[in-house]
Amino acid sequence: MVSVGSKALPSRRSSSTGKKKCKKPKKGSTDDYHDYHDNHSRIRKQVDPETTKYLSEIANLFESDSVEFEERSLICANALEETKGKEFEIATDYILSHTLETILQASDLHTLSSFLHSCAKHFPFIAMDRSGSHVAQTAINSLASHLQYDPQLHSLVQEALTVICDVIAANSLDLMSNCYGSHVLRTLLCLLKGVPFDKSGYYLSKSTTALAERLNFKHFSSNEHAFLPAFPNLLNSLVSEMFKLSTNSIKDLQFDQFSCLVFQTTLRVLVGNDELLLHVIPILLGCKNKTNTDGNFIETTVLPGLKHLFKEPAFSHLMEVVLEVSPVALFNELFTKVFKNSLLDLSSHQHGNFVVQALISHASDQDLMELIWDELGPNLEDLFQMGRSGVVASLIAACERLHINEQKCCQVLAKTVCLADENSKWIVPRLLFLDSYFTCEDKSNWIWPCGAKMNVMGSLILQTIFRFNSEYIKPFITSITSMDTTQVLEVVKNARGSHVVEAFLGSGAPGKQKRRLVSKLQKHFGEVALHPSGAFTIEKCFTACNLSLRETIVSELLAVQSELSKAKQGSYLLRRLDVDGFAASPDHWRSKQVSKESTYKDFYATFGSGDTRSSKNDGFLADTSNNKSNPNNVKEMRKEIDQSLGSSFLSTDSLNRNPKKAKKNKKNAEIGGNEDDSSRKKKKSKKEKVESGYDNAATEEDRKTAKKRQRNREASEASGKKLKTSDE
């Protein structure tokens, strides 16, 4: 057994094994050196050999997985006790820092808190070191883990965080501008907000996530019900102190990449706290006056420089988040004072155009969107020519989201990619190949570039377009259904193109047009299904088709069933389309499909929204001419019905043939249920009612009703006696 609490644990390996185990640290990792942080210097001393040996033996012990949980906790407590006074040296050592991380992860909350109290004065310097920053983040994440496991530990975690926040706030200016300290500070801010580990959007936004949000494909979730217990007072105190120290240096911090990342996280964790947001955002924009007497948040003196800041890489990203979280009053003032009449100029810049996209995406007012459209709407072709298709995509998505200028938007877009004397069949192909079309000198002779790369933004624009009212997108419907078989096959085999086809099949376009497109894939359904993204496309095709086309799809999939079952999504597709059921009994499969569609139709008629009820079902039983699709509701309805029909075949023929009988049976069942309830109530004795508090719970209205019934009975009895007397 290993002696616990000794100065140095006996090594389970020979010294030679230990030397062979250690890797040679990078130059300067164990020797004395200086770290300079904005006029702050700190000497890191070399860790003494005895401590190094002790921690190395603990590392070897943990790697052997021979230590039980209770014993591991004791070893961690004693190990951290031995690090007191040497936390900075150990945490910033390239080798020993890894061991310290392992110890912190395995420590209980009391031991972890004791370590943080002990190293509090060194914590900012640990956080600004290459190796130490990982130790600091591990300590913060370990606090979050304890809090997630047991929310009752909130007070103990708060006590440890209070000490850390005090020293972090005093050194926040150095931390935020340090490439390592920036990560630690952002992690701390997220913990104070109660952000769980899987909410990475608060810590750092990915460009793909931001794009999905702007085009209404995904929404940034700020649902605080899934959060950990937060520390609002500590958060507000830390943020206030950070900005107090940053005010005089804000002009330098606006250009600093790491500081801007900290500010982005800060703004996101302050969502919902409009008072503090209205205080810190003007500071980020360069305003110095704290009071706001005239109702304006932005000083006129900073306006000339803001437009230039939007074109800086670091600040442009920060400005995107500013627009994302700004309260409505500040957002409108930003548009009026800064963006108005400058949108096209900013859109032409490589960084400024992302700021414009953020502005468009977070506009929540139709009147404001109308002003934005007036500046950018007539210039779609210029934006495409400049390579700013992202601005166009954001503009179209905003029009769809706010239901403004929808028809005008579709018309302008169609005219942009289709010459005056041309057929509308080229609209979809040219949007799919935006780069090829707008770099072509002779656009009138542009042809389909076989094998060329399809444009991401062009695909996203088309996906958004097919969410519009079907009356507005007729040219786009004509265009996509005019593609020949070779072109359709190339599109569905492309990841970007297949999303466009799926969006069209899920749109409000007439079912006849959808089937026209799907029919061009006959004899190729199996080939498409074997493609990595083809399973989802085939499923959409199946849903949009009539019975004969569905049977064709399943027949072709049956021919490649063995290969398809080995594909990533192949098994799902085979189950979803019930290919085995078709192979076993085609007639039974057909009956099941008819039954499902009948159930869908009845379900929509009974439980669907007003739009759904008035529209025809988008299946093979009837054509579809719904004006606007409602994919979320339809998907949920279909899923619910499939769950009830999936395990066994449910026939609704009897219900359809004799609805009166079904209604009568339902009524009888309800009456029977009511009678059972009534009989059960009568069996309950008066004693049981009193014991259960029944009499006490009776309302005044019930008492009045009982008295009235008693009077009626007495009157009836009296009347009966009179009648009896008269008879005599």
# chains A, B, ... in the order shown; residues from 1 in each chain; ligands from 1

call {"tool": "select_by_dssp", "arguments": {"residues": "region 133-198 of chain A", "states": "helix (DSSP H, G or I)", "output": "PyMOL selection string"}}
result
chain A and resi 133-149+151-170+172-176+181-193

call {"tool": "residues_around", "arguments": {"residues": "Ser142 (chain A)", "least_positions_apart": "3", "cutoff": "9 Å", "atoms": "only C-alpha atoms", "output": "MDAnalysis selection string"}}
result
chainID A and resid 104:107 109 112 137:139 145:147

call {"tool": "atom_distance", "arguments": {"atom1": "CA of Leu383 (chain A)", "atom2": "CA of Leu434 (chain A)"}}
result
11.7 Å

call {"tool": "residues_around", "arguments": {"residues": "region 247-260 of chain A", "least_positions_apart": "5", "cutoff": "6 Å", "atoms": "only C-alpha atoms", "output": "compact mmCIF listing (two decimals) with all heavy atoms, in the first residue's frame"}}
result
# COMPACT_ATOMS: atom_id res chain seq x y z
N MET A 176 -7.15 40.06 -20.20
CA MET A 176 -7.93 40.05 -21.43
C MET A 176 -7.08 40.26 -22.68
O MET A 176 -7.43 39.80 -23.76
CB MET A 176 -9.06 41.09 -21.36
CG MET A 176 -8.60 42.53 -21.42
SD MET A 176 -10.01 43.68 -21.54
CE MET A 176 -10.83 43.42 -19.98
N SER A 177 -5.96 40.94 -22.54
CA SER A 177 -5.10 41.19 -23.70
C SER A 177 -4.00 40.14 -23.84
O SER A 177 -3.17 40.24 -24.74
CB SER A 177 -4.47 42.58 -23.59
OG SER A 177 -3.74 42.72 -22.38
N SER A 182 -6.87 35.39 -21.80
CA SER A 182 -8.18 35.62 -22.42
C SER A 182 -9.07 34.40 -22.31
O SER A 182 -10.27 34.51 -22.00
CB SER A 182 -7.98 36.01 -23.89
OG SER A 182 -9.20 36.06 -24.58
N ALA A 314 -10.73 42.58 -35.72
CA ALA A 314 -11.10 42.26 -34.34
C ALA A 314 -12.40 42.95 -33.94
O ALA A 314 -13.33 42.33 -33.41
CB ALA A 314 -9.97 42.64 -33.39
N PHE A 315 -12.48 44.26 -34.22
CA PHE A 315 -13.65 45.01 -33.77
C PHE A 315 -14.90 44.65 -34.58
O PHE A 315 -16.01 44.73 -34.06
CB PHE A 315 -13.39 46.52 -33.88
CG PHE A 315 -14.44 47.36 -33.21
CD1 PHE A 315 -14.38 47.59 -31.86
CD2 PHE A 315 -15.50 47.89 -33.94
CE1 PHE A 315 -15.36 48.34 -31.22
CE2 PHE A 315 -16.47 48.65 -33.32
CZ PHE A 315 -16.41 48.88 -31.96
N LEU A 318 -16.55 41.94 -32.80
CA LEU A 318 -17.16 42.45 -31.58
C LEU A 318 -18.45 43.20 -31.90
O LEU A 318 -19.44 43.07 -31.19
CB LEU A 318 -16.17 43.37 -30.86
CG LEU A 318 -16.70 44.12 -29.62
CD1 LEU A 318 -17.19 43.14 -28.57
CD2 LEU A 318 -15.61 45.02 -29.05

call {"tool": "residues_around", "arguments": {"residues": "region 442-447 of chain A", "least_positions_apart": "5", "cutoff": "12 Å", "atoms": "only C-alpha atoms", "output": "ChimeraX atom specification"}}
result
/A:416-423,425-427,429-430,433-437,452,487

call {"tool": "closest_atom_pairs", "arguments": {"of": "region 247-342 of chain A", "to": "region 223-243 of chain A", "cutoff": "8 Å", "atoms": "only C-alpha atoms", "output": "Markdown table"}}
result
| residue | atom | partner | partner_atom | distance |
| --- | --- | --- | --- | --- |
| A:Thr247 | CA | A:Phe243 | CA | 5.9 |
| A:Thr266 | CA | A:Val239 | CA | 7.4 |
| A:Leu276 | CA | A:Asn236 | CA | 8.0 |
| A:Val280 | CA | A:Phe243 | CA | 7.0 |
| A:Ile283 | CA | A:Phe243 | CA | 7.7 |

call {"tool": "atom_distance", "arguments": {"atom1": "CA of Phe69 (chain A)", "atom2": "CA of Thr102 (chain A)"}}
result
13.6 Å

call {"tool": "residues_around", "arguments": {"residues": "region 319-330 of chain A", "least_positions_apart": "6", "cutoff": "8 Å", "atoms": "only C-alpha atoms", "output": "list in words"}}
result
Gln264, Leu267, Arg268, Val271, Asp274, Leu277, Leu278, Ile281, Phe297, Phe310, Phe354, Val355, Ala358, Leu359 and His362 of chain A

call {"tool": "write_last_selection", "arguments": {"atoms": "N, CA, C and O atoms", "output": "PDB file, in the first residue's frame"}}
result
ATOM      1  N   GLN A 264     -16.760  39.970 -26.278  1.00  0.00           N
ATOM      2  CA  GLN A 264     -17.870  39.235 -26.895  1.00  0.00           C
ATOM      3  C   GLN A 264     -18.550  38.316 -25.889  1.00  0.00           C
ATOM      4  O   GLN A 264     -19.783  38.281 -25.785  1.00  0.00           O
ATOM      5  N   LEU A 267     -20.554  40.367 -23.310  1.00  0.00           N
ATOM      6  CA  LEU A 267     -21.851  40.843 -23.802  1.00  0.00           C
ATOM      7  C   LEU A 267     -22.886  39.728 -23.807  1.00  0.00           C
ATOM      8  O   LEU A 267     -24.048  39.942 -23.461  1.00  0.00           O
ATOM      9  N   ARG A 268     -22.468  38.541 -24.173  1.00  0.00           N
ATOM     10  CA  ARG A 268     -23.422  37.427 -24.254  1.00  0.00           C
ATOM     11  C   ARG A 268     -23.917  37.012 -22.862  1.00  0.00           C
ATOM     12  O   ARG A 268     -25.082  36.640 -22.715  1.00  0.00           O
ATOM     13  N   VAL A 271     -26.803  39.220 -21.442  1.00  0.00           N
ATOM     14  CA  VAL A 271     -28.116  39.265 -22.096  1.00  0.00           C
ATOM     15  C   VAL A 271     -29.209  39.151 -21.032  1.00  0.00           C
ATOM     16  O   VAL A 271     -29.177  38.264 -20.179  1.00  0.00           O
ATOM     17  N   ASP A 274     -30.325  44.613 -19.291  1.00  0.00           N
ATOM     18  CA  ASP A 274     -30.259  45.775 -20.187  1.00  0.00           C
ATOM     19  C   ASP A 274     -29.561  46.964 -19.550  1.00  0.00           C
ATOM     20  O   ASP A 274     -28.878  47.742 -20.231  1.00  0.00           O
ATOM     21  N   LEU A 277     -25.899  46.383 -19.933  1.00  0.00           N
ATOM     22  CA  LEU A 277     -25.565  46.434 -21.360  1.00  0.00           C
ATOM     23  C   LEU A 277     -25.525  47.869 -21.866  1.00  0.00           C
ATOM     24  O   LEU A 277     -24.633  48.251 -22.632  1.00  0.00           O
ATOM     25  N   LEU A 278     -26.490  48.663 -21.446  1.00  0.00           N
ATOM     26  CA  LEU A 278     -26.520  50.064 -21.872  1.00  0.00           C
ATOM     27  C   LEU A 278     -25.369  50.865 -21.279  1.00  0.00           C
ATOM     28  O   LEU A 278     -25.057  51.959 -21.751  1.00  0.00           O
ATOM     29  N   ILE A 281     -21.844  48.875 -23.464  1.00  0.00           N
ATOM     30  CA  ILE A 281     -21.744  48.974 -24.932  1.00  0.00           C
ATOM     31  C   ILE A 281     -21.243  50.350 -25.374  1.00  0.00           C
ATOM     32  O   ILE A 281     -20.348  50.441 -26.232  1.00  0.00           O
ATOM     33  N   PHE A 297     -27.494  57.393 -26.361  1.00  0.00           N
ATOM     34  CA  PHE A 297     -26.488  56.505 -25.784  1.00  0.00           C
ATOM     35  C   PHE A 297     -25.113  56.699 -26.424  1.00  0.00           C
ATOM     36  O   PHE A 297     -24.100  56.402 -25.813  1.00  0.00           O
ATOM     37  N   PHE A 310     -15.427  49.401 -37.954  1.00  0.00           N
ATOM     38  CA  PHE A 310     -16.173  48.270 -38.498  1.00  0.00           C
ATOM     39  C   PHE A 310     -15.354  47.495 -39.535  1.00  0.00           C
ATOM     40  O   PHE A 310     -15.648  46.335 -39.821  1.00  0.00           O
ATOM     41  N   PHE A 354     -19.742  41.777 -42.834  1.00  0.00           N
ATOM     42  CA  PHE A 354     -20.267  40.893 -41.788  1.00  0.00           C
ATOM     43  C   PHE A 354     -21.025  41.683 -40.727  1.00  0.00           C
ATOM     44  O   PHE A 354     -21.978  41.181 -40.126  1.00  0.00           O
ATOM     45  N   VAL A 355     -20.601  42.909 -40.491  1.00  0.00           N
ATOM     46  CA  VAL A 355     -21.325  43.778 -39.562  1.00  0.00           C
ATOM     47  C   VAL A 355     -22.708  44.097 -40.127  1.00  0.00           C
ATOM     48  O   VAL A 355     -23.711  44.097 -39.405  1.00  0.00           O
ATOM     49  N   ALA A 358     -24.969  41.172 -39.680  1.00  0.00           N
ATOM     50  CA  ALA A 358     -25.467  41.087 -38.304  1.00  0.00           C
ATOM     51  C   ALA A 358     -26.588  42.098 -38.068  1.00  0.00           C
ATOM     52  O   ALA A 358     -27.581  41.801 -37.395  1.00  0.00           O
ATOM     53  N   LEU A 359     -26.428  43.298 -38.619  1.00  0.00           N
ATOM     54  CA  LEU A 359     -27.461  44.335 -38.491  1.00  0.00           C
ATOM     55  C   LEU A 359     -28.772  43.858 -39.103  1.00  0.00           C
ATOM     56  O   LEU A 359     -29.845  43.973 -38.486  1.00  0.00           O
ATOM     57  N   HIS A 362     -30.541  40.919 -37.102  1.00  0.00           N
ATOM     58  CA  HIS A 362     -31.119  41.219 -35.785  1.00  0.00           C
ATOM     59  C   HIS A 362     -32.100  42.379 -35.821  1.00  0.00           C
ATOM     60  O   HIS A 362     -32.549  42.840 -34.767  1.00  0.00           O
TER      61      HIS A 362
END

call {"tool": "residues_around", "arguments": {"residues": "Ser97 (chain A)", "least_positions_apart": "6", "cutoff": "10 Å", "atoms": "only C-alpha atoms", "output": "list in words"}}
result
Leu55, Glu87, Phe88, Glu89, Ile90, Ala91, Ile103, Ser131, Gly132, Ser133, His134 and Val135 of chain A

call {"tool": "atom_distance", "arguments": {"atom1": "CA of Val269 (chain A)", "atom2": "CA of Leu185 (chain A)"}}
result
12.5 Å
